[in-house]
Number of protein chains: 2
Amino acid sequence: MEVKAKTDKQSGLTDKVLKHFYFNEELSCAEVSDHLDKSIPLVAKSINELVAEGFVIEQGYAQSSGGRRPLKYSIKADALYIVAVAMDQLSVRIGLFDLLNEPIVAVQSFELKLLNNDEALKTLINYINKYIAASGIAKEKIAGIGIGMPGFINITEGINYTYLDANGQNLRYYIGEATGLPVFIDNDSSLIALAEQRFGAAKAEQEVMVINLGWGIGLGMIINGKLFRGYDGFAGELSHIPLSEGGALCNCGKQGCLEAEASMLAVAEKAIAGIKDGKISSLQHIVNYSARMAGDAIMEAANNGDHFAIDLLADAGYKIGTALAILTHIMNPQTIVLSGRGARVGKILLAPIQQAMNKYCIPRLVSNTRLKVSELGFDAELVGAAVLVMENYNKEKV
Amino acid sequence: MEVKAKTDKQSGLTDKVLKHFYFNEELSCAEVSDHLDKSIPLVAKSINELVAEGFVIEQGYAQSSGGRRPLKYSIKADALYIVAVAMDQLSVRIGLFDLLNEPIVAVQSFELKLLNNDEALKTLINYINKYIAASGIAKEKIAGIGIGMPGFINITEGINYTYLDANGQNLRYYIGEATGLPVFIDNDSSLIALAEQRFGAAKAEQEVMVINLGWGIGLGMIINGKLFRGYDGFAGELSHIPLSEGGALCNCGKQGCLEAEASMLAVAEKAIAGIKDGKISSLQHIVNYSARMAGDAIMEAANNGDHFAIDLLADAGYKIGTALAILTHIMNPQTIVLSGRGARVGKILLAPIQQAMNKYCIPRLVSNTRLKVSELGFDAELVGAAVLVMENYNKEKV
DNA sequence: AATACTTTTTAAAAAAATTTAAAAAGTATT
DNA sequence: AATACTTTTTAAATTTTTTTAAAAAGTATT
């Protein structure tokens with residue numbers, strides 16, 4: 001016998017309506033009823049409840065489309081706040097957003113090495129707690145903490161198999177206990193995909209592949225309008241598909257992985273090697289940079305027209321395009337979005353990627369697949385972390 | 001304003017219950033209620049209706065599990081019949097099945113060249129009509145005709161962009177008019193996947209990749225327990241992914257496609273070339289065979305231990321395995337099934353496929369992915385065609 | 001300007017689904 | 001063998017949801 005909370009049923013629709021307002025702009029009662037496929041009386045009841053509780057506000061009457069003018073409602077921006085955390089292998093960004101995804105406190109970032117760092121989890125929790133305390137926002141007003149992190153993550157168990165070991169404990173629960181707030185974690189690339197589908201370049205689309213161009217190359221898949229994770233949660237491992245026979249050695253142990261050939265880290269390494277080899281470029285100074293700093297410098301230089309940087313990126317782009325051709329053949333997506341850190345050089349990558357897809361894709365597939373550069377860019381992971389919290393939010397939580 | 005038939009709502013559950021009995025063995029009312037997540041009174045009403053109408057029969061009381069003995073029900077095999085048609089580029093098979101997937105009339109096959117054949121559609125319809133008439137089964141007892149066919153198929157529009165042109169008309173509607181029965185069409189590989197997930201090697205599994213080894217290499221994808229078709233319906237184009245730089249020329253115009261390197265047709269061509277080149281084998285006689293007959297002979301010989309045939313298949317298997325490694329990285333399926341015509345040499349292909357996957361997959365992915373050979377084999381497409389009909393069947397049809 | 005037709009919202013009535021209670025038919029334990 | 005506890009089925013009572021009707025507030029057309 002399942003113990004279903006009585007409110008579970010009753011407030012189920014109300015939560016859906018609330019989320020619908022979070023994900024959409026102004027809506028009338030009739031529109032919500034239509035979108036949610038629920039009768040108007042039911043939806044009206046939920047909306048009135050949300051208005052009474054201060055989650056939703058009336059926005060006045062809109063233009064008539066041939067009948068009575070609809071009364072529009074929208075989410076109340078300051079009804080709740082969300083803590084969003086975006087991590088990569090070396091650093092953490094944290095922000096506090098309202099329900100319109102506007103930052104309430106400036107996004108802060110700090111260094112945090114995940115690899116072989118036993119203190120990483122404690123440091124992270126400490127930083128989150130300080131950030132929330134400094135914001136002055138009452139915890140009751142915070143819907144939860146969303147965290148995007150690299151690594152193989154088991155969402156249901158809340159475990160990251162790669163980083164942030166909590167002695168095998170549930171990471172969500174552990175951080176939740178330490179912060180006193182509901183915590184939701186997911187893979188960084190998945191969250192970027194979520195952000196692009198909800199508020200970005202592939203809004204409301206059903207079949208979307210989002211490429212997370214960063215120090216590695218990630219893939220977040222939206223299938224049937226939902227994040228797809230595969231049977232064990234490991235789907236989207238685009239970066240380690242065998243691309244070229246006997247190519248560069250990847251840190252996964254194999255050869256010819258996309259990541260080892262075309263990630264921003266790989267580009268940076270090639271750039272440093274090239275300059276040491278006497279290549280002419282505005283990037284002479286990067287030889288002593290870390291690969292990571294070099295990566296940023298290369299993207300900057302490419303956007304400023306440096307030929308060497310552009311050539312390197314074009315080369316990476318062509319390889320990425322080859323992988324995207326494979327992906328397109330298998331998934332037949334509506335849109336492929338280039339997102340993440342590398343989106344800032346998206347325009348430079350676009351041409352060689354498209355070129356490779358033209359060559360390696362069946363014509364029918366190339367012509368139907370849209371290739372877009374993210375506008376969310378580096379913010380995508382933070383937005384996705386916020387979305388993750390709201391997707392899981394329950395008004396009447398335990 | 002949508003015109004929803006009033007019966008649509010009422011009989012909705014009854015149809016679901018009916019299908020549940022088609023896809024499952026004996027079930028009690030309580031079990032169905034549990035599976036369908038509907039209350040017992042509702043389910044009981046539907047079951048009683050189905051029993052009264054002769055779709056479902058009582059199977060007596062089962063063993064008690066500590067309380068009242070459950071009354072089991074099951075589908076009535078002869079309540080309905082299904083016409084299943086399985087096509088490839090050169091031939092058609094047709095069968096009449098009952099609701100237990102048992103053939104009522106022997107499966108017949110005949111030659112039908114699809115390419116550049118304006119008469120193909122008329123011939124097909126003619127054959128189907130004759131087959132049904134000869135069976136002596138009343139049309140009222142036939143749930144519909146399911147047809148699996150090669151080519152790019154738009155399910156919603158009912159159009160096959162590759163073969164069987166009905167002057168741009170809706171193929172489903174066209175055949176439906178000509179036969180007087182509801183018609184459902186789908187891609188052959190999709191139907192094979194459907195069969196494997198419903199009655200085959202991946203029964204009830206949610207994330208399954210089914211490889212259709214035939215004259216080409218097809219892929220049917222089950223994602224979230226449902227057939228996935230991609231945005232335009234062209235997902236699963238595994239056979240034309242760029243596998244090797246500058247390999248054999250494919251009839252799609254590109255080079256190095258999996259299909260051109262590892263399909264049964266490619267194997268047959270290699271075999272004929274090899275024998276002409278003086279290879280020792282029991283297959284000397286196939287030099288004058290068509291590639292298609294040669295393909296069958298090679299599979300036969302391989303199963304009889306012919307080294308040359310086994311080597312050729314092993315070679316093809318290794319290439320298929322490389323492609324499956326890529327597929328596994330992207331999709332992280334629970335199970336990969338080797339099905340279709342080539343399943344009869346599945347055991348021979350298994351080892352080289354697994355070998356390639358071991359080499360090219362991240363360890364975590366290989367160890368979690370099950371690789372199985374279909375037991376349905378060549379019958380899979382027919383079973384899938386029958387499933388297609390029943391999935392779309394409505395008791396109260398228009 | 002008046003009439004006819006829209007669309008949105010509110011309220012009342014009807015229908016559908018679930019919950020609760022009770023009966024039927026077992027098993028397990030003392 | 002009697003009692004206590006299960007599970008399945010049937011029936012009755014609620015609850016929930018949808019449908020229908022009506023009112024409110026517009027637009028378009030003659």
# chains A, B, ... in the order shown; residues from 1 in each chain; ligands from 1
>>> interface_residues(of="chain A", to="chain B", cutoff="6 Å", atoms="only C-alpha atoms", output="list in words")
Gly230, Tyr231, Phe234, Ala235, Gly236, Glu237, Leu238, Ile241, Ile326, His329, Ile330, Met331, Asn332, Pro333 and Gln334 of chain A
>>> interface_residues(of="chain C", to="chain B", cutoff="12 Å", atoms="only C-alpha atoms (C1' of nucleotides)", output="PDB file with N, CA and C atoms (P, O5', C5', C4', C3', O3' and C1' of nucleotides), in the first residue's frame")
ATOM      1  P    DA C  15     -24.622  12.709 -17.311  1.00  0.00           P
ATOM      2  O5'  DA C  15     -23.081  12.345 -17.162  1.00  0.00           O
ATOM      3  C5'  DA C  15     -22.129  13.092 -17.906  1.00  0.00           C
ATOM      4  C4'  DA C  15     -20.746  12.679 -17.472  1.00  0.00           C
ATOM      5  C3'  DA C  15     -20.548  11.169 -17.375  1.00  0.00           C
ATOM      6  O3'  DA C  15     -19.396  10.878 -18.127  1.00  0.00           O
ATOM      7  C1'  DA C  15     -19.808  12.227 -15.386  1.00  0.00           C
ATOM      8  P    DA C  16     -18.937   9.371 -18.404  1.00  0.00           P
ATOM      9  O5'  DA C  16     -17.643   9.289 -17.501  1.00  0.00           O
ATOM     10  C5'  DA C  16     -16.681  10.333 -17.568  1.00  0.00           C
ATOM     11  C4'  DA C  16     -15.668  10.128 -16.470  1.00  0.00           C
ATOM     12  C3'  DA C  16     -15.227   8.678 -16.289  1.00  0.00           C
ATOM     13  O3'  DA C  16     -13.836   8.660 -16.386  1.00  0.00           O
ATOM     14  C1'  DA C  16     -15.851   9.627 -14.199  1.00  0.00           C
ATOM     15  P    DA C  17     -12.985   7.346 -16.256  1.00  0.00           P
ATOM     16  O5'  DA C  17     -12.430   7.520 -14.783  1.00  0.00           O
ATOM     17  C5'  DA C  17     -11.661   8.670 -14.461  1.00  0.00           C
ATOM     18  C4'  DA C  17     -11.276   8.596 -12.995  1.00  0.00           C
ATOM     19  C3'  DA C  17     -10.712   7.233 -12.594  1.00  0.00           C
ATOM     20  O3'  DA C  17      -9.419   7.413 -12.034  1.00  0.00           O
ATOM     21  C1'  DA C  17     -12.474   7.898 -11.130  1.00  0.00           C
ATOM     22  P    DT C  18      -8.627   6.251 -11.329  1.00  0.00           P
ATOM     23  O5'  DT C  18      -8.924   6.560  -9.808  1.00  0.00           O
ATOM     24  C5'  DT C  18      -8.723   7.893  -9.320  1.00  0.00           C
ATOM     25  C4'  DT C  18      -9.197   7.971  -7.899  1.00  0.00           C
ATOM     26  C3'  DT C  18      -8.563   6.939  -6.968  1.00  0.00           C
ATOM     27  O3'  DT C  18      -8.026   7.611  -5.842  1.00  0.00           O
ATOM     28  C1'  DT C  18     -10.925   6.909  -6.757  1.00  0.00           C
ATOM     29  P    DT C  19      -7.142   6.813  -4.782  1.00  0.00           P
ATOM     30  O5'  DT C  19      -8.077   6.779  -3.490  1.00  0.00           O
ATOM     31  C5'  DT C  19      -8.822   7.956  -3.144  1.00  0.00           C
ATOM     32  C4'  DT C  19      -9.878   7.608  -2.128  1.00  0.00           C
ATOM     33  C3'  DT C  19      -9.397   6.682  -1.004  1.00  0.00           C
ATOM     34  O3'  DT C  19      -9.716   7.296   0.237  1.00  0.00           O
ATOM     35  C1'  DT C  19     -11.416   5.867  -1.958  1.00  0.00           C
ATOM     36  P    DA C  23     -20.377  -7.186   5.091  1.00  0.00           P
ATOM     37  O5'  DA C  23     -20.174  -8.295   3.961  1.00  0.00           O
ATOM     38  C5'  DA C  23     -20.597  -8.007   2.619  1.00  0.00           C
ATOM     39  C4'  DA C  23     -19.841  -8.905   1.672  1.00  0.00           C
ATOM     40  C3'  DA C  23     -19.751 -10.370   2.119  1.00  0.00           C
ATOM     41  O3'  DA C  23     -20.109 -11.194   1.032  1.00  0.00           O
ATOM     42  C1'  DA C  23     -17.624  -9.576   1.571  1.00  0.00           C
ATOM     43  P    DA C  24     -20.322 -12.735   1.218  1.00  0.00           P
ATOM     44  O5'  DA C  24     -19.076 -13.358   0.445  1.00  0.00           O
ATOM     45  C5'  DA C  24     -18.786 -12.901  -0.875  1.00  0.00           C
ATOM     46  C4'  DA C  24     -17.463 -13.484  -1.318  1.00  0.00           C
ATOM     47  C3'  DA C  24     -17.262 -14.957  -0.923  1.00  0.00           C
ATOM     48  O3'  DA C  24     -16.805 -15.660  -2.068  1.00  0.00           O
ATOM     49  C1'  DA C  24     -15.408 -13.676  -0.234  1.00  0.00           C
ATOM     50  P    DA C  25     -16.744 -17.232  -2.075  1.00  0.00           P
ATOM     51  O5'  DA C  25     -15.192 -17.496  -1.827  1.00  0.00           O
ATOM     52  C5'  DA C  25     -14.245 -16.994  -2.775  1.00  0.00           C
ATOM     53  C4'  DA C  25     -12.860 -17.255  -2.248  1.00  0.00           C
ATOM     54  C3'  DA C  25     -12.654 -18.644  -1.646  1.00  0.00           C
ATOM     55  O3'  DA C  25     -11.466 -19.213  -2.164  1.00  0.00           O
ATOM     56  C1'  DA C  25     -11.878 -17.006  -0.182  1.00  0.00           C
ATOM     57  P    DG C  26     -11.308 -20.783  -2.188  1.00  0.00           P
ATOM     58  O5'  DG C  26      -9.821 -21.000  -1.680  1.00  0.00           O
ATOM     59  C5'  DG C  26      -9.454 -20.619  -0.363  1.00  0.00           C
ATOM     60  C4'  DG C  26      -8.146 -19.884  -0.401  1.00  0.00           C
ATOM     61  C3'  DG C  26      -7.107 -20.509   0.516  1.00  0.00           C
ATOM     62  O3'  DG C  26      -6.003 -20.997  -0.204  1.00  0.00           O
ATOM     63  C1'  DG C  26      -7.510 -18.220   1.123  1.00  0.00           C
ATOM     64  P    DT C  27      -4.975 -21.936   0.578  1.00  0.00           P
ATOM     65  O5'  DT C  27      -4.179 -20.926   1.514  1.00  0.00           O
ATOM     66  C5'  DT C  27      -3.121 -20.128   0.975  1.00  0.00           C
ATOM     67  C4'  DT C  27      -2.396 -19.425   2.107  1.00  0.00           C
ATOM     68  C3'  DT C  27      -1.566 -20.354   2.993  1.00  0.00           C
ATOM     69  O3'  DT C  27      -0.301 -19.746   3.233  1.00  0.00           O
ATOM     70  C1'  DT C  27      -3.099 -19.131   4.314  1.00  0.00           C
ATOM     71  P    DA C  28       0.851 -20.546   3.903  1.00  0.00           P
ATOM     72  O5'  DA C  28       0.789 -20.021   5.410  1.00  0.00           O
ATOM     73  C5'  DA C  28       1.033 -18.642   5.682  1.00  0.00           C
ATOM     74  C4'  DA C  28       0.920 -18.392   7.174  1.00  0.00           C
ATOM     75  C3'  DA C  28       1.683 -19.374   8.060  1.00  0.00           C
ATOM     76  O3'  DA C  28       2.292 -18.645   9.119  1.00  0.00           O
ATOM     77  C1'  DA C  28      -0.576 -19.346   8.694  1.00  0.00           C
TER      78       DA C  28
END
>>> residues_around(residues="Arg341 in chain B", least_positions_apart="3", cutoff="6 Å", atoms="only C-alpha atoms (C1' of nucleotides)", output="compact mmCIF listing (two decimals) with N, CA and C atoms, in the first residue's frame")
# COMPACT_ATOMS: atom_id res chain seq x y z
N LEU B 213 20.11 -7.00 -39.21
CA LEU B 213 21.16 -7.47 -40.12
C LEU B 213 20.52 -8.10 -41.33
N GLY B 214 20.64 -7.43 -42.45
CA GLY B 214 20.04 -7.98 -43.65
C GLY B 214 20.86 -7.58 -44.85
N PHE B 378 14.31 -14.13 -38.37
CA PHE B 378 13.70 -13.70 -39.63
C PHE B 378 12.20 -13.43 -39.46
>>> closest_residue(among="B:Tyr393, B:Tyr174, B:Tyr61, B:Phe97", to="chain D", atoms="only C-alpha atoms (C1' of nucleotides)")
B:Tyr61
>>> residues_around(residues="range 348-358 of chain A", least_positions_apart="5", cutoff="7 Å", atoms="only C-alpha atoms (C1' of nucleotides)", output="MDAnalysis selection string")
chainID A and resid 313:314 317:318 320:322 324:325 366
>>> residues_around(residues="range 296-305 of chain B", least_positions_apart="4", cutoff="10 Å", atoms="only C-alpha atoms (C1' of nucleotides)", output="count of residues only")
26
>>> interface_residues(of="chain D", to="chain A", cutoff="8 Å", atoms="only C-alpha atoms (C1' of nucleotides)", output="list in words")
DT17, DT18, DA24, DA25, DG26 and DT27 of chain D
>>> closest_residue(among="D:DT8, D:DT14, D:DT3, D:DT20", to="DA12 in chain C", atoms="only C-alpha atoms (C1' of nucleotides)")
D:DT20
>>> closest_residue(among="D:DA23, D:DA11, D:DA2, D:DT16", to="DA11 in chain C", atoms="only C-alpha atoms (C1' of nucleotides)")
D:DA23
>>> closest_residue(among="A:Ser374, A:Asn101, A:Ser91, A:Ser339", to="Asp78 in chain A", atoms="only C-alpha atoms")
A:Asn101
>>> residues_around(residues="Lys122 in chain A", least_positions_apart="6", cutoff="10 Å", atoms="only C-alpha atoms (C1' of nucleotides)", output="ChimeraX atom specification")
/A:128,164,166,175,178
>>> write_last_selection(atoms="C-alpha atoms", output="CSV table (one decimal), in the first residue's frame")
chain,number,residue,atom,x,y,z
A,128,ILE,CA,27.8,27.6,-0.6
A,164,LEU,CA,33.2,14.5,-4.8
A,166,ALA,CA,30.9,11.5,0.2
A,175,ILE,CA,24.9,18.5,0.9
A,178,ALA,CA,24.8,20.5,5.5
>>> select_by_dssp(residues="range 21-57 of chain A", states="alpha helix (DSSP H)", output="list in words")
Phe21, Tyr22, Phe23, Cys29, Ala30, Glu31, Val32, Ser33, Asp34, His35, Leu36, Ile40, Pro41, Leu42, Val43, Ala44, Lys45, Ser46, Ile47, Asn48, Glu49, Leu50, Val51, Ala52 and Glu53 of chain A
>>> select_by_dssp(residues="range 76-147 of chain B", states="strand (DSSP E)", output="list in words")
Tyr81, Ile82, Val83, Ala84, Val85, Ala86, Met87, Ser91, Val92, Arg93, Ile94, Gly95, Leu96, Phe97, Pro103, Ile104, Val105, Ala106, Val107, Gln108, Ser109, Phe110, Glu111, Ile142, Ala143, Gly144, Ile145, Gly146 and Ile147 of chain B
